[in-house]
Amino acid sequence: MGKKSKKINDQSYGVLLGDHLSFAASEAYKLLRTNLMFALTGTESDCHVVGITSSVRGEGKSTTTLNLAYSIAEAGQYVLVIEADMRLPTLAKRLGIDGSKGISNLLVGMSKGSEVMQRSSLHPNLYVLPAGEIPPNPSELLGSDRMKITMDVLKKDFDYILLDLPPVTAVSDPLVVSKLVDGMVLVVRQNYSNKRSLTEAVRQLQFVDAKILGFVMTDSDTGPNGRKKYYKKYYKQYGYGYGYGASKKKDKKNEDEKEKTIA
Ligand SMILES: Nc1ncnc2c1ncn2[C@@H]1O[C@H](COP(=O)(O)OP(=O)(O)O)[C@@H](O)[C@H]1O
Ligand SMILES: [Mg+2]
């Protein structure tokens with residue numbers, strides 16, 4: 001903790017974070033928080049540990065993790081986001097914090113927790129443990145005894161720990177950490193990931209007995225209240241589909257008016 005946070009840098013990602021969100025988006029994350037809290041009912045622990053993953057890259061895991069964490073922090077809980085996607089770290093850049101040292105340095109014993117954990121400028125209750133230096137063996141580090149010990153220590157200081165994981169079908173990291181989490185949230189981007197990858201991701205998680213707490217759909221056509229929102233840029237960037245029914249219903253003329261929201 002301690003390093004002073006700079007300004008949030010989300011321009012290159014298009015989707016804003018924390019209190020920069022639209023009312024509808026922030027309500028959607030609050031709903032996600034509530035659903036998550038219900039899904040975790042019965043988990044015997046003072047600190048809930050949740051992994052956020054997806055079937056493929058770019059579905060919105062990191063964005064969902066940060067906004068969910070913010071929403072939990074807003075509810076008065078202490079929350080830590082661990083950037084466990086060590087192969088493709090984005091959180092430090094997005095939050096404008098120093099990401100040169102992080103969980104990888106901690107796990108190889110090169111740094112102490114107090115040196116690498118940082119308070120986020122998004123909310124005073126929200127802390128971030130960046131990925132740190134990109135290691136050659138992230139799966140081994142995440143599956144190490146040291147990771148388990150580290151988690152046990154961190155759990156004493158937080159109500160929630162969210163692990164921003166890589167996609168299930170790309171690497172084994174989410175499966176490796178499945179024993180350390182109370183459950184997994186699977187992020188699914190509309191018209192982006194295909195059914196086969198999602199089925200495979202679910203199969204792999206079930207194979208290691210991971211508890212799937214629920215699914216979050218990102219970039220969907222309609223918001224929680226069914227209202228349409230203008231979201232031209234992301235339609236252009238992500239508007240190609242793999243054949244989910246929703247994309248077929250679209251009126252070509254109105255394609256540019258695809259809205260972005262979080263279901
Ligand atoms: N709910 C959403 N709606 C639209 N775009 C989103 C949403 N969530 C994330 N994105 C955008 O998708 C891109 C990938 O998001 P990111 O969270 O980095 O994905 P991942 O961590 O799964 O690779 C970013 O440009 C981000 O701004
Ligand atoms: Mg990510």
# chains A, B, ... in the order shown; residues from 1 in each chain; ligands from 1
call {"tool": "residues_near_ligand", "arguments": {"ligand": "ligand 2", "cutoff": "7 Å", "atoms": "only C-alpha atoms and all ligand atoms", "output": "list in words"}}
result
Gly58, Gly60, Lys61, Ser62, Asp85, Leu88, Pro89, Thr90, Asp164 and Pro166 of chain A
call {"tool": "write_last_selection", "arguments": {"atoms": "N, CA and C atoms", "output": "mmCIF file, in the first residue's frame"}}
result
data_model
loop_
_atom_site.group_PDB
_atom_site.id
_atom_site.type_symbol
_atom_site.label_atom_id
_atom_site.label_comp_id
_atom_site.auth_asym_id
_atom_site.auth_seq_id
_atom_site.Cartn_x
_atom_site.Cartn_y
_atom_site.Cartn_z
ATOM 1 N N GLY A 58 -10.833 -11.149 -23.807
ATOM 2 C CA GLY A 58 -11.524 -9.947 -24.291
ATOM 3 C C GLY A 58 -13.020 -9.914 -24.047
ATOM 4 N N GLY A 60 -14.428 -9.169 -21.152
ATOM 5 C CA GLY A 60 -14.782 -8.148 -20.156
ATOM 6 C C GLY A 60 -14.513 -8.568 -18.720
ATOM 7 N N LYS A 61 -13.617 -9.510 -18.522
ATOM 8 C CA LYS A 61 -13.318 -9.986 -17.154
ATOM 9 C C LYS A 61 -12.778 -8.877 -16.259
ATOM 10 N N SER A 62 -11.742 -8.179 -16.762
ATOM 11 C CA SER A 62 -11.096 -7.165 -15.916
ATOM 12 C C SER A 62 -12.048 -6.011 -15.621
ATOM 13 N N ASP A 85 -4.313 -12.588 -13.860
ATOM 14 C CA ASP A 85 -4.043 -12.768 -15.294
ATOM 15 C C ASP A 85 -2.650 -12.184 -15.550
ATOM 16 N N LEU A 88 -1.466 -11.264 -19.317
ATOM 17 C CA LEU A 88 -1.975 -10.088 -20.026
ATOM 18 C C LEU A 88 -2.490 -9.059 -19.022
ATOM 19 N N PRO A 89 -1.576 -8.481 -18.246
ATOM 20 C CA PRO A 89 -2.035 -7.545 -17.208
ATOM 21 C C PRO A 89 -2.535 -6.220 -17.785
ATOM 22 N N THR A 90 -3.636 -5.736 -17.255
ATOM 23 C CA THR A 90 -4.182 -4.456 -17.731
ATOM 24 C C THR A 90 -4.593 -3.535 -16.572
ATOM 25 N N ASP A 164 -8.944 -11.662 -10.804
ATOM 26 C CA ASP A 164 -9.128 -11.398 -12.239
ATOM 27 C C ASP A 164 -8.274 -12.433 -12.994
ATOM 28 N N PRO A 166 -7.238 -15.362 -16.169
ATOM 29 C CA PRO A 166 -7.223 -15.483 -17.631
ATOM 30 C C PRO A 166 -8.397 -16.365 -18.092
#
call {"tool": "residues_around", "arguments": {"residues": "Leu126 of chain A", "least_positions_apart": "2", "cutoff": "8 Å", "atoms": "only C-alpha atoms", "output": "PyMOL selection string"}}
result
chain A and resi 69-70+73+78-81+119-120+122-124+128
call {"tool": "write_last_selection", "arguments": {"atoms": "C-alpha atoms", "output": "compact mmCIF listing (two decimals), in the first residue's frame"}}
result
# COMPACT_ATOMS: atom_id res chain seq x y z
CA ALA A 69 -15.15 -4.61 -6.69
CA TYR A 70 -16.11 -0.93 -6.70
CA ALA A 73 -16.56 -1.30 -1.77
CA TYR A 78 -13.19 -4.13 2.12
CA VAL A 79 -12.29 -5.68 -1.18
CA LEU A 80 -9.05 -6.74 -2.83
CA VAL A 81 -8.64 -7.33 -6.55
CA ARG A 119 -5.15 1.32 -2.54
CA SER A 120 -7.17 2.13 -5.63
CA LEU A 122 -11.62 4.27 -7.36
CA HIS A 123 -12.65 3.81 -3.72
CA PRO A 124 -10.86 3.89 -0.34
CA VAL A 128 -5.37 -3.87 -5.87
call {"tool": "residues_around", "arguments": {"residues": "Ser104 of chain A", "least_positions_apart": "5", "cutoff": "10 Å", "atoms": "only C-alpha atoms", "output": "list of chain:residue names"}}
result
A:Glu83, A:Ala84, A:Met86, A:Gly109, A:Met110, A:Ser111, A:Val116, A:Leu129, A:Pro130, A:Ala131, A:Gly132, A:Glu133, A:Ile134, A:Pro135, A:Asn137, A:Pro138, A:Leu141, A:Leu142, A:Met147
call {"tool": "closest_residue", "arguments": {"among": "A:Thr199, A:Ser45, A:Ser144, A:Ser54", "to": "ligand 1", "atoms": "only C-alpha atoms and all ligand atoms"}}
result
A:Ser54
call {"tool": "select_by_dssp", "arguments": {"residues": "segment 67-186 of chain A", "states": "strand (DSSP E or B)", "output": "count of residues only"}}
result
20
call {"tool": "atom_distance", "arguments": {"atom1": "atom CA of Phe207 of chain A", "atom2": "atom CA of Leu165 of chain A"}}
result
17.6 Å
call {"tool": "decode", "arguments": {"residues": "segment 14-29 of chain A", "atoms": "all heavy atoms", "output": "compact mmCIF listing (two decimals), in the first residue's frame"}}
result
# COMPACT_ATOMS: atom_id res chain seq x y z
N GLY A 14 -12.49 2.45 -23.34
CA GLY A 14 -13.84 2.86 -23.71
C GLY A 14 -14.86 2.75 -22.60
O GLY A 14 -15.74 3.57 -22.50
N VAL A 15 -14.74 1.76 -21.75
CA VAL A 15 -15.72 1.59 -20.69
C VAL A 15 -15.18 2.20 -19.42
O VAL A 15 -14.10 1.88 -18.98
CB VAL A 15 -16.03 0.10 -20.45
CG1 VAL A 15 -16.93 -0.08 -19.25
CG2 VAL A 15 -16.67 -0.48 -21.69
N LEU A 16 -15.95 3.09 -18.83
CA LEU A 16 -15.45 3.78 -17.65
C LEU A 16 -15.66 2.93 -16.40
O LEU A 16 -16.37 1.94 -16.40
CB LEU A 16 -16.18 5.11 -17.52
CG LEU A 16 -15.84 6.08 -18.65
CD1 LEU A 16 -16.80 7.25 -18.65
CD2 LEU A 16 -14.42 6.59 -18.51
N LEU A 17 -14.97 3.34 -15.35
CA LEU A 17 -14.98 2.55 -14.13
C LEU A 17 -15.56 3.32 -12.96
O LEU A 17 -15.58 4.54 -12.95
CB LEU A 17 -13.54 2.15 -13.78
CG LEU A 17 -12.80 1.30 -14.81
CD1 LEU A 17 -11.33 1.20 -14.44
CD2 LEU A 17 -13.42 -0.07 -14.93
N GLY A 18 -16.00 2.55 -11.96
CA GLY A 18 -16.44 3.14 -10.70
C GLY A 18 -17.52 4.17 -10.86
O GLY A 18 -18.54 3.94 -11.52
N ASP A 19 -17.30 5.36 -10.28
CA ASP A 19 -18.35 6.38 -10.34
C ASP A 19 -18.37 7.13 -11.67
O ASP A 19 -19.12 8.08 -11.83
CB ASP A 19 -18.25 7.33 -9.14
CG ASP A 19 -16.94 8.09 -9.12
OD1 ASP A 19 -16.11 7.85 -10.02
OD2 ASP A 19 -16.75 8.90 -8.20
N HIS A 20 -17.56 6.70 -12.61
CA HIS A 20 -17.61 7.30 -13.95
C HIS A 20 -18.65 6.59 -14.82
O HIS A 20 -18.85 6.94 -15.97
CB HIS A 20 -16.25 7.19 -14.64
CG HIS A 20 -15.17 7.92 -13.91
ND1 HIS A 20 -14.74 9.17 -14.26
CD2 HIS A 20 -14.43 7.57 -12.84
CE1 HIS A 20 -13.78 9.56 -13.43
NE2 HIS A 20 -13.58 8.60 -12.56
N LEU A 21 -19.28 5.57 -14.27
CA LEU A 21 -20.24 4.78 -15.06
C LEU A 21 -21.57 5.49 -15.21
O LEU A 21 -21.93 6.32 -14.38
CB LEU A 21 -20.51 3.45 -14.35
CG LEU A 21 -19.42 2.39 -14.41
CD1 LEU A 21 -19.82 1.24 -13.51
CD2 LEU A 21 -19.21 1.91 -15.83
N SER A 22 -22.31 5.10 -16.23
CA SER A 22 -23.67 5.61 -16.38
C SER A 22 -24.53 5.00 -15.27
O SER A 22 -24.16 3.99 -14.66
CB SER A 22 -24.23 5.18 -17.73
OG SER A 22 -24.45 3.79 -17.72
N PHE A 23 -25.69 5.60 -15.06
CA PHE A 23 -26.59 5.11 -14.01
C PHE A 23 -26.97 3.65 -14.27
O PHE A 23 -26.91 2.82 -13.37
CB PHE A 23 -27.85 6.00 -13.98
CG PHE A 23 -28.87 5.53 -13.00
CD1 PHE A 23 -28.69 5.74 -11.63
CD2 PHE A 23 -30.01 4.86 -13.42
CE1 PHE A 23 -29.63 5.31 -10.72
CE2 PHE A 23 -30.94 4.41 -12.51
CZ PHE A 23 -30.76 4.63 -11.16
N ALA A 24 -27.33 3.35 -15.53
CA ALA A 24 -27.77 1.98 -15.85
C ALA A 24 -26.66 0.97 -15.61
O ALA A 24 -26.90 -0.10 -15.05
CB ALA A 24 -28.24 1.92 -17.30
N ALA A 25 -25.44 1.32 -16.02
CA ALA A 25 -24.33 0.38 -15.85
C ALA A 25 -24.03 0.19 -14.37
O ALA A 25 -23.84 -0.93 -13.90
CB ALA A 25 -23.10 0.90 -16.58
N SER A 26 -24.06 1.30 -13.62
CA SER A 26 -23.76 1.16 -12.20
C SER A 26 -24.85 0.36 -11.49
O SER A 26 -24.56 -0.44 -10.59
CB SER A 26 -23.50 2.55 -11.63
OG SER A 26 -24.29 2.84 -10.59
N GLU A 27 -26.10 0.50 -11.90
CA GLU A 27 -27.18 -0.31 -11.33
C GLU A 27 -26.98 -1.79 -11.65
O GLU A 27 -27.24 -2.67 -10.84
CB GLU A 27 -28.56 0.14 -11.87
CG GLU A 27 -29.03 1.45 -11.28
CD GLU A 27 -29.19 1.39 -9.76
OE1 GLU A 27 -29.93 0.52 -9.28
OE2 GLU A 27 -28.55 2.19 -9.06
N ALA A 28 -26.50 -2.05 -12.88
CA ALA A 28 -26.28 -3.45 -13.29
C ALA A 28 -25.21 -4.09 -12.42
O ALA A 28 -25.33 -5.25 -12.02
CB ALA A 28 -25.88 -3.50 -14.77
N TYR A 29 -24.15 -3.32 -12.10
CA TYR A 29 -23.10 -3.89 -11.24
C TYR A 29 -23.59 -4.07 -9.80
O TYR A 29 -23.19 -5.01 -9.12
CB TYR A 29 -21.84 -3.02 -11.28
CG TYR A 29 -21.07 -3.18 -12.58
CD1 TYR A 29 -20.90 -2.12 -13.44
CD2 TYR A 29 -20.52 -4.41 -12.92
CE1 TYR A 29 -20.20 -2.27 -14.64
CE2 TYR A 29 -19.84 -4.58 -14.11
CZ TYR A 29 -19.67 -3.50 -14.97
OH TYR A 29 -19.00 -3.67 -16.14
